[in-house]
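J.: Take a look at this one; I'll ask things after.
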Amino acid sequence: MKTTFKPRPILLSVGLFFSGAILSVTTLSAAEQETVELPEVEVTADKKSDTKPVKGYNAKRSTTATRTDTELVNVPQAITVITRDFMQDQSMQSIADAVRYVPGVQAAQGEGNRDQLVLRGNQTTGDLFLDGLRDDIQTYRDLYNTDRIEVLKGANGMIFGRGGAGGVVNRVSKKAGWDPVKDLSVSYGSFDHRRITADYGQGLSDELAFRLNAVYENSNSYRDGVELRRYGVTPTFTIKPGDKTEIVLSAEYFKDERIADRGVPSFIGNDSSNLNNRPYRINDYDKFFGNARLSPTETETVAFNAAISHAFDNGVKVKNSTRLAYYDKYYQNVYARSSVSTAGTLQLGAYRDNTKRENLINQTDVTYSAKTGDIEHTLLAGIELASQDTTNKRITPAGGENLGGTVTAENPMLSGIVFNNITRDQKSDFTATAFYLQDQIIFNPQWQAVIGLRHDHLNTRYTDLRPANFANINVSDNLLSPRAGLIYKPTADSSVYVNYSTSYVPRAGDQLVGLTVSSATFKPEKFINKEVGAKWDITPNLALTAAIFKLERENVLAADPSNTGNSILLDGQETTGLELGASGKVTDQWQIMGAFTLQDGEITERQANATPANVINKGAELAMTPTRTFSLWNKYQINDMWAVALGVVSRSEMYAATPTVGQSTILPGYTRFDAAIFAKISPKWDAQINIENLTNKDYALFAHNNNNITPGAPLNARATLNYHF
């Protein structure tokens, strides 16, 4: 769309006035000057779309890092934005797909039933947000209704409160607006991938706009017996009763059904001098260890969202956001519970897990811009009220999760399993009341600062509902999370910054799963992030970022390396590293998205666990934290019709779990190449083919522990046809 600007007579008169003032230095008198009538001039510019606010690969602004609309170059912390165009070009459908191109972030297996991320060496399933509000059930998220994904690296409790171990992942929803959207996409690919999405929206009146996003997918997998079925719908309304008020209402129903795939186990290598295990026959990528038919997982999400914002005449802006979400999830799995022995046998495990959760969150932000002398301030004050109720039950076979006996690696399957033994039945009620203050300060064109402080009052009431183990524990915490960043701007489009921030993770919901609960268990984890970085918008369409960080973590909750299904508390860990990022257009035809990370994550104190074999020594490397990762996507527009793309994803070797004296498993490093071809058939039709793993490389993608390792997919392709009606 185009917006036309026509100079009014008064503006022309002002221009003529100043022109006359300049000419008055000549000898001409006022009477001798001629009145000149200028022709009307039209000035046109692209109008910003209210349904697609970011175009291309390079986002310029975000609210994720500061809760105010801030240019990324002025944010004193590393943040990466995965835009809608980039998601479409890569045919992304999951959070794991997106973070491949985010410095300092890895995806983990999550037992094949949930999104699980590793941010700067810290594994998390709870630091996922939707439009700035918590969305922390353990499930997979689809991207059909997502406009972009904003990943903030490093602890920042001042903005997000509890959580944010190594950072947060915030999905920004597609929004209803008056710029029409009428898109239909159908894709088909290898392993019977079948998916259709629809995106329709338009203004219904001058005050009301509507948008509807929907998805349906029914696909198989390169893994035997693994299949996926999911569907969802998200209606959204935007109401603008006046220029200064906006109301956004939305709802979502989403259901995800799939097989919980925990991959392959490890085995003892042939080299006796190497004590590290390796993935078992990663080239036999399709074999399922356990029983696929007895490993279903299903999650149902019903959510309602409302956001109301108003700008007052005195410069005060108020925004209130509410999210009410109901989650119902179960998963059952039969999986490899040990490594493959020299005799070619292994043990299997099995259990069923049921979780129900209700989240009610309300946030109010008040912002105000002011000046004290020559110093400019953007002041933020806010309050968050949150309630989370969670019930969780685990059921195993009569003899427990360990099925006993062994199976052969050639036929690693058991059937006839009956789940009738309740080993966990617990409830947790969590409430939070938070107050926060922030000041974004502009001292002069070269120096800026961001200073903030948040206070959280948290209350957790935990109940073990098993009659023989009944326990009722009530714990309260008062936590202060400061943040301070100083920014130096050599130029208007570049910055150098230092940042200090903290965050806490209290025990609630998923944080209590698998722990031996006591009063000491509830001590929150603490994170301290120290960071120095630089950002440079080389051109309006190309940005480079760099960050050096040190992230310290205290009172760590980690998976027990003995593979018992439980968690253990560690005294501390530390991750230091360098992150580099690039996004945008190198030329008018060439777009890139790139990420490079060097990092070192380690345990800072020796951990003496139940048995000598489970001791974690000081200096042990962190799980799922490779020393080096690299990714680069290149898209080149050949002409108006054709475009091609080539991508590379690479990482060094890493441990599947934090190594102990008794056992460790190495996932070898790999480099994978991807490609795509794009065709603009007509104004209404376009198509693309995405090809993954061009060289058909055998590799281990990621893991959950030493004996749940996901093989990477072989050479595969997906074709997508888009219709814009």
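Chain identifiers are assigned as A, B, and so on, following the order in which chains appear in the structure tokens; residues are numbered from 1 within each chain, and ligands are numbered from 1 in order of appearance.
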Determine which residues of stretch 197-369 of chain A receive a DSSP assignment of strand (DSSP E or B), computed from the backbone, and state them as a PyMOL selection string.
T.: chain A and resi 197-203+208-220+227-242+245-259+264+266-267+277-279+290+296-311+317-336+340+345-346+348-369
J.: Which residues are near A:Ala65? Cut-off 9 Å, only C-alpha atoms, ignore same chain within fewer than 2 positions. Put them as a list in words.
T.: Ser62, Thr63, Arg67, Thr68, Thr70, Leu72, Val75, Pro76, Gln77, Ile79, Glu150, Leu152, Asn156 and Ile159 of chain A
J.: Keeping N, CA and C atoms, export the residues of the selection given above as a PDB file, in the first residue's frame.
T.:
ATOM      1  N   SER A  62      12.131  -4.361  18.887  1.00  0.00           N
ATOM      2  CA  SER A  62      11.560  -5.439  19.686  1.00  0.00           C
ATOM      3  C   SER A  62      11.074  -4.876  21.012  1.00  0.00           C
ATOM      4  N   THR A  63      10.089  -5.545  21.606  1.00  0.00           N
ATOM      5  CA  THR A  63       9.672  -5.230  22.973  1.00  0.00           C
ATOM      6  C   THR A  63      10.099  -6.318  23.959  1.00  0.00           C
ATOM      7  N   ARG A  67      10.425  -4.488  27.319  1.00  0.00           N
ATOM      8  CA  ARG A  67       8.986  -4.270  27.482  1.00  0.00           C
ATOM      9  C   ARG A  67       8.542  -2.941  26.882  1.00  0.00           C
ATOM     10  N   THR A  68       9.428  -2.241  26.207  1.00  0.00           N
ATOM     11  CA  THR A  68       9.096  -1.037  25.454  1.00  0.00           C
ATOM     12  C   THR A  68       9.573  -1.230  24.025  1.00  0.00           C
ATOM     13  N   THR A  70      11.784  -0.792  21.374  1.00  0.00           N
ATOM     14  CA  THR A  70      13.161  -0.309  21.381  1.00  0.00           C
ATOM     15  C   THR A  70      13.914  -0.856  20.178  1.00  0.00           C
ATOM     16  N   LEU A  72      16.787  -2.605  18.299  1.00  0.00           N
ATOM     17  CA  LEU A  72      17.669  -3.671  18.764  1.00  0.00           C
ATOM     18  C   LEU A  72      19.090  -3.177  19.003  1.00  0.00           C
ATOM     19  N   VAL A  75      19.608  -2.149  22.608  1.00  0.00           N
ATOM     20  CA  VAL A  75      19.336  -3.116  23.668  1.00  0.00           C
ATOM     21  C   VAL A  75      20.661  -3.664  24.185  1.00  0.00           C
ATOM     22  N   PRO A  76      20.990  -3.501  25.466  1.00  0.00           N
ATOM     23  CA  PRO A  76      22.280  -3.953  25.980  1.00  0.00           C
ATOM     24  C   PRO A  76      22.285  -5.434  26.372  1.00  0.00           C
ATOM     25  N   GLN A  77      21.879  -6.281  25.452  1.00  0.00           N
ATOM     26  CA  GLN A  77      21.861  -7.718  25.682  1.00  0.00           C
ATOM     27  C   GLN A  77      21.671  -8.398  24.329  1.00  0.00           C
ATOM     28  N   ILE A  79      20.148 -10.459  21.520  1.00  0.00           N
ATOM     29  CA  ILE A  79      18.798 -10.872  21.140  1.00  0.00           C
ATOM     30  C   ILE A  79      18.796 -11.182  19.647  1.00  0.00           C
ATOM     31  N   GLU A 150      11.429 -14.197  19.031  1.00  0.00           N
ATOM     32  CA  GLU A 150      12.463 -13.331  19.573  1.00  0.00           C
ATOM     33  C   GLU A 150      13.151 -14.056  20.721  1.00  0.00           C
ATOM     34  N   LEU A 152      15.927 -13.921  23.586  1.00  0.00           N
ATOM     35  CA  LEU A 152      16.789 -13.093  24.423  1.00  0.00           C
ATOM     36  C   LEU A 152      17.742 -14.004  25.171  1.00  0.00           C
ATOM     37  N   ASN A 156      17.437 -12.602  32.684  1.00  0.00           N
ATOM     38  CA  ASN A 156      16.820 -11.279  32.743  1.00  0.00           C
ATOM     39  C   ASN A 156      15.513 -11.376  33.512  1.00  0.00           C
ATOM     40  N   ILE A 159      12.690  -8.470  33.437  1.00  0.00           N
ATOM     41  CA  ILE A 159      11.664  -8.420  32.403  1.00  0.00           C
ATOM     42  C   ILE A 159      10.658  -9.562  32.553  1.00  0.00           C
TER      43      ILE A 159
END
J.: One number please: atom CA of A:Thr367 to atom CA of A:Lys489, in Å, one decimal.
T.: 23.9 Å
J.: With only C-alpha atoms as the counted atoms, please give the residues lying no more than 7 Å from stretch 53-56 of chain A, apart from itself and same-chain residues fewer than 4 positions off, as a PyMOL selection string.
T.: chain A and resi 48-49+83+85+584
J.: Write out the residues from the selection above, keeping C-alpha atoms, as a PDB file, in the first residue's frame.
T.:
ATOM      1  CA  LYS A  48       3.994  -0.225   7.229  1.00  0.00           C
ATOM      2  CA  SER A  49       1.787  -3.291   7.207  1.00  0.00           C
ATOM      3  CA  THR A  83      11.287 -13.366  11.173  1.00  0.00           C
ATOM      4  CA  ASP A  85       9.988 -14.505   5.956  1.00  0.00           C
ATOM      5  CA  GLY A 584      19.576  -9.150   6.460  1.00  0.00           C
TER       6      GLY A 584
END
J.: Could you give me, as a PyMOL selection string, the residues within 8 Å of A:Phe702, counting only C-alpha atoms and dropping anything in the same chain fewer than 5 positions from it?
T.: chain A and resi 107-109+624+656+667+709-711
J.: Between A:Val615, A:Met593, A:Val302, A:Ile666, which one has atoms that come closest to A:Asn58, using only C-alpha atoms?
T.: A:Met593
J.: Counting only C-alpha atoms, figure out which residue out of A:Ala676, A:Val248, A:Ala409, A:Val316 gets nearest to A:Val264.
T.: A:Ala409
J.: Within 12 Å of stretch 685-687 of chain A, counting only C-alpha atoms, which residues show up once you throw out same-chain ones fewer than 2 positions away? Write them as a PyMOL selection string, please.
T.: chain A and resi 88-89+91+182-188+640-644+676-683+689-690+718-725
J.: Just the residues within 6 Å of stretch 353-357 of chain A, please, counting only C-alpha atoms, with nothing from its chain fewer than 3 positions along; format it as an mmCIF file with C-alpha atoms, in the first residue's frame.
T.:
data_model
loop_
_atom_site.group_PDB
_atom_site.id
_atom_site.type_symbol
_atom_site.label_atom_id
_atom_site.label_comp_id
_atom_site.auth_asym_id
_atom_site.auth_seq_id
_atom_site.Cartn_x
_atom_site.Cartn_y
_atom_site.Cartn_z
ATOM 1 C CA TYR A 326 -5.651 -24.754 30.067
ATOM 2 C CA TYR A 327 -3.274 -27.581 29.223
ATOM 3 C CA ASP A 328 -4.013 -31.309 29.289
ATOM 4 C CA LYS A 329 -1.143 -33.625 28.442
ATOM 5 C CA TYR A 330 -0.242 -37.259 28.705
ATOM 6 C CA TYR A 331 2.554 -39.331 27.325
ATOM 7 C CA ASP A 389 -2.109 -24.903 39.281
ATOM 8 C CA THR A 390 -0.522 -28.185 38.212
ATOM 9 C CA THR A 391 -1.348 -31.836 38.844
ATOM 10 C CA ASN A 392 1.023 -34.592 37.787
ATOM 11 C CA LYS A 393 0.751 -38.366 38.027
ATOM 12 C CA ARG A 394 3.180 -41.071 36.910
#
J.: Need the shell around A:Ala595: protein/DNA/RNA residues with any atom at most 9 Å away, counting only C-alpha atoms. Skip same-chain ones fewer than 4 positions apart. Format as a list in words?
T.: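 The residues that qualify are Arg100, Tyr101, Val102, Pro103, Gly104, Glu579, Leu580, Gly581, Ala582, Ser583, Thr629, Phe630, Ser631 and Leu632 of chain A.
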J.: Restricting it to N, CA, C and O atoms, dump the selection as a short mmCIF file (atom, residue, chain, number, x, y, z; two decimals), in the first residue's frame.
T.:
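Output saved as part.cif:
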data_model
loop_
_atom_site.label_atom_id
_atom_site.label_comp_id
_atom_site.auth_asym_id
_atom_site.auth_seq_id
_atom_site.Cartn_x
_atom_site.Cartn_y
_atom_site.Cartn_z
N ARG A 100 18.12 -23.24 15.29
CA ARG A 100 19.36 -23.63 14.60
C ARG A 100 20.15 -22.41 14.17
O ARG A 100 21.37 -22.48 13.99
N TYR A 101 19.48 -21.28 13.99
CA TYR A 101 20.13 -20.07 13.49
C TYR A 101 20.20 -18.97 14.57
O TYR A 101 20.27 -17.80 14.27
N VAL A 102 20.20 -19.40 15.84
CA VAL A 102 20.31 -18.47 16.96
C VAL A 102 21.62 -18.76 17.69
O VAL A 102 21.81 -19.87 18.19
N PRO A 103 22.53 -17.80 17.80
CA PRO A 103 23.79 -18.04 18.51
C PRO A 103 23.55 -18.42 19.97
O PRO A 103 22.70 -17.83 20.64
N GLY A 104 24.28 -19.42 20.44
CA GLY A 104 24.22 -19.80 21.84
C GLY A 104 23.04 -20.64 22.25
O GLY A 104 22.83 -20.88 23.44
N GLU A 579 29.49 -15.07 21.02
CA GLU A 579 28.41 -15.26 20.05
C GLU A 579 28.49 -14.20 18.96
O GLU A 579 28.70 -13.02 19.26
N LEU A 580 28.32 -14.63 17.72
CA LEU A 580 28.29 -13.72 16.58
C LEU A 580 27.02 -13.99 15.77
O LEU A 580 26.63 -15.15 15.59
N GLY A 581 26.40 -12.94 15.28
CA GLY A 581 25.19 -13.10 14.49
C GLY A 581 25.16 -12.14 13.31
O GLY A 581 25.76 -11.06 13.36
N ALA A 582 24.48 -12.53 12.24
CA ALA A 582 24.31 -11.68 11.06
C ALA A 582 22.93 -11.93 10.48
O ALA A 582 22.47 -13.08 10.41
N SER A 583 22.25 -10.86 10.05
CA SER A 583 20.93 -11.02 9.45
C SER A 583 20.65 -9.86 8.51
O SER A 583 21.02 -8.72 8.77
N THR A 629 29.46 -23.96 17.43
CA THR A 629 28.33 -24.15 16.52
C THR A 629 28.40 -23.08 15.43
O THR A 629 28.87 -21.97 15.66
N PHE A 630 27.92 -23.45 14.25
CA PHE A 630 27.93 -22.52 13.12
C PHE A 630 26.74 -22.83 12.22
O PHE A 630 26.43 -24.00 11.95
N SER A 631 26.06 -21.79 11.77
CA SER A 631 24.97 -21.95 10.80
C SER A 631 24.94 -20.73 9.91
O SER A 631 25.19 -19.60 10.35
N LEU A 632 24.63 -20.95 8.64
CA LEU A 632 24.55 -19.86 7.67
C LEU A 632 23.57 -20.23 6.57
O LEU A 632 23.72 -21.27 5.93
#
J.: Could I get the residues of stretch 249-354 of chain A with an atom no further than 12 Å from an atom of stretch 222-232 of chain A, each paired with its nearest atom pair and that distance in Å to one decimal, using only C-alpha atoms, sorted by chain and residue number, as a Markdown table?
T.:
| residue | atom | partner | partner_atom | distance |
| --- | --- | --- | --- | --- |
| A:Ala251 | CA | A:Gly232 | CA | 10.6 |
| A:Glu252 | CA | A:Gly232 | CA | 7.2 |
| A:Tyr253 | CA | A:Gly232 | CA | 5.5 |
| A:Phe254 | CA | A:Gly232 | CA | 4.1 |
| A:Lys255 | CA | A:Arg230 | CA | 5.5 |
| A:Asp256 | CA | A:Arg230 | CA | 4.4 |
| A:Glu257 | CA | A:Arg229 | CA | 5.1 |
| A:Arg258 | CA | A:Leu228 | CA | 4.3 |
| A:Ile259 | CA | A:Val226 | CA | 5.3 |
| A:Ala260 | CA | A:Val226 | CA | 7.8 |
| A:Asp261 | CA | A:Val226 | CA | 7.0 |
| A:Arg262 | CA | A:Arg223 | CA | 10.5 |
| A:Gly263 | CA | A:Arg223 | CA | 8.6 |
| A:Val264 | CA | A:Arg223 | CA | 10.5 |
| A:Ile282 | CA | A:Arg223 | CA | 11.8 |
| A:Asn283 | CA | A:Arg223 | CA | 11.8 |
| A:Asp284 | CA | A:Arg223 | CA | 9.7 |
| A:Tyr285 | CA | A:Arg223 | CA | 6.7 |
| A:Asp286 | CA | A:Arg223 | CA | 4.1 |
| A:Lys287 | CA | A:Asp224 | CA | 5.9 |
| A:Phe288 | CA | A:Asp224 | CA | 5.9 |
| A:Phe289 | CA | A:Asp224 | CA | 9.6 |
| A:Gly290 | CA | A:Gly225 | CA | 10.9 |
| A:Asn291 | CA | A:Gly225 | CA | 8.6 |
| A:Ala292 | CA | A:Gly225 | CA | 5.5 |
| A:Arg293 | CA | A:Gly225 | CA | 7.1 |
| A:Leu294 | CA | A:Gly225 | CA | 10.3 |
| A:Ser295 | CA | A:Val226 | CA | 9.2 |
| A:Pro296 | CA | A:Val226 | CA | 9.3 |
| A:Thr297 | CA | A:Leu228 | CA | 9.7 |
| A:Glu298 | CA | A:Arg230 | CA | 9.4 |
| A:Thr299 | CA | A:Arg230 | CA | 9.5 |
| A:Glu300 | CA | A:Gly232 | CA | 9.7 |
| A:Thr301 | CA | A:Gly232 | CA | 9.2 |
| A:Val302 | CA | A:Gly232 | CA | 9.9 |
| A:Ala303 | CA | A:Gly232 | CA | 11.5 |
J.: Which value, in Å to one decimal, gives the distance between atom CA of A:Ala78 and atom CA of A:Ala657?
T.: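 Going from atom CA of A:Ala78 over to atom CA of A:Ala657 covers 26.4 Å.
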J.: Nearest to A:Thr597: which of A:Ala543, A:Glu384, A:Gln347, A:Ser652 is it, counting only C-alpha atoms?
T.: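 Closest to A:Thr597 of all the choices is A:Ser652.
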J.: Which is closest to A:Ala675 among A:Pro714, A:Gln90, A:Asn362, A:Leu208, if we use only C-alpha atoms?
T.: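 Between A:Pro714, A:Gln90, A:Asn362, A:Leu208, the residue approaching A:Ala675 most closely is A:Gln90.
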J.: Go ahead and compute the interatomic distance for atom CA of A:Thr125 and atom CA of A:Thr139, in Å to one decimal.
T.: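 Atom-to-atom, atom CA of A:Thr125 and atom CA of A:Thr139 are spaced 8.6 Å apart.
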J.: With only C-alpha atoms as the atoms that count, which of A:Gln93, A:Asn305, A:Asn218, A:Asn276 lies nearest to A:Pro668?
T.: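 Counting only C-alpha atoms, the residue closest to A:Pro668 is A:Asn276.
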